[in-house]
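For reference, the structure is listed below as structure tokens.
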Amino acid sequence: MSANANEDRMSQGESPVSVLVVDDQASFRRALREVVDATEGLVVVGEAASGEESLDAAAELAPGMVIIDKRMPGMGGIEACRRLTARHPDLVVLLVSREDPDPAVASSCGAAAFVTKRDLTPRLLMEVWRAHGPG
């Protein structure tokens, strides 16, 4: 979805879901932004390059969804997910990785889902939001 389409939705009284993207690689943050921008009803409100930065950004921006990489220097995505969901119980966190995901990891840290980076699509983002976002 283009920014204009998101603006049209907002003018019709529907607010898009705000998304924070978190990855230590700027190139992947750009790719995440493109997937989110292509997803109807979602809009990127911020980026973070580490787990530590994600905590501050989530507190400041109050996103509805966080897409976070599992492996990052310093605080990785798993620990950041634990802290994010403890501080913001309604937050939908999507944990992503290049490696095949273990569903037990998602449930152990409070993530709504754990998927490979190659599987990230607008359809998957909406499925996760519909399944785990506020009713």
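Identifiers in the structure tokens: chain A, B, ... in order shown; residue index from 1 per chain; ligand index from 1 in order shown.
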Return as a tab-separated table the residues of stretch 54-87 of chain A lying at most 7 Å from stretch 19-41 of chain A, together with the closest atom-to-atom pair for each and the distance in Å to one decimal, counting only C-alpha atoms, with rows in chain order and ascending residue number.
residue	atom	partner	partner_atom	distance
A:Ser54	CA	A:Val22	CA	6.6
A:Pro63	CA	A:Val19	CA	5.4
A:Gly64	CA	A:Val19	CA	6.1
A:Met65	CA	A:Val19	CA	4.8
A:Val66	CA	A:Leu20	CA	4.7
A:Ile67	CA	A:Val21	CA	5.0
A:Ile68	CA	A:Val22	CA	4.6
A:Asp69	CA	A:Asp23	CA	5.3
A:Met72	CA	A:Asp24	CA	5.9
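Within chain A, DSSP run on the backbone puts these residues in strand (DSSP E): Val17, Ser18, Val19, Leu20, Val21, Val22, Leu42, Val43, Val44, Val45, Gly46, Glu47, Ala48, Met65, Val66, Ile67, Ile68, Asp69, Val92, Val93, Leu94, Leu95, Val96, Ser97, Ala113, Phe114, Val115 and Thr116 of chain A.
Every protein, DNA or RNA residue with an atom at most 9 Å from A:Ala111, where only C-alpha atoms count and chain neighbours fewer than 6 positions away do not, is listed here: A:Ile78, A:Cys81, A:Arg82, A:Thr85, A:Val92, A:Val93, A:Leu94, A:Leu95, A:Val105.
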Practice item. Looking only at alpha helix (DSSP H) from DSSP on the backbone, list the matching residues of chain A as a ChimeraX atom specification. Key: /A:3-11,26-37,51-61,77-87,103-109,122-132
Review point. What does the distance between atom CA of A:Ser97 and atom CA of A:Arg123 come to in Å, to one decimal place?
Key: 17.8 Å
Practice item. Could you tell me how far atom CA of A:Val17 lies from atom CA of A:Lys70, in Å and to one decimal? Key: 22.1 Å
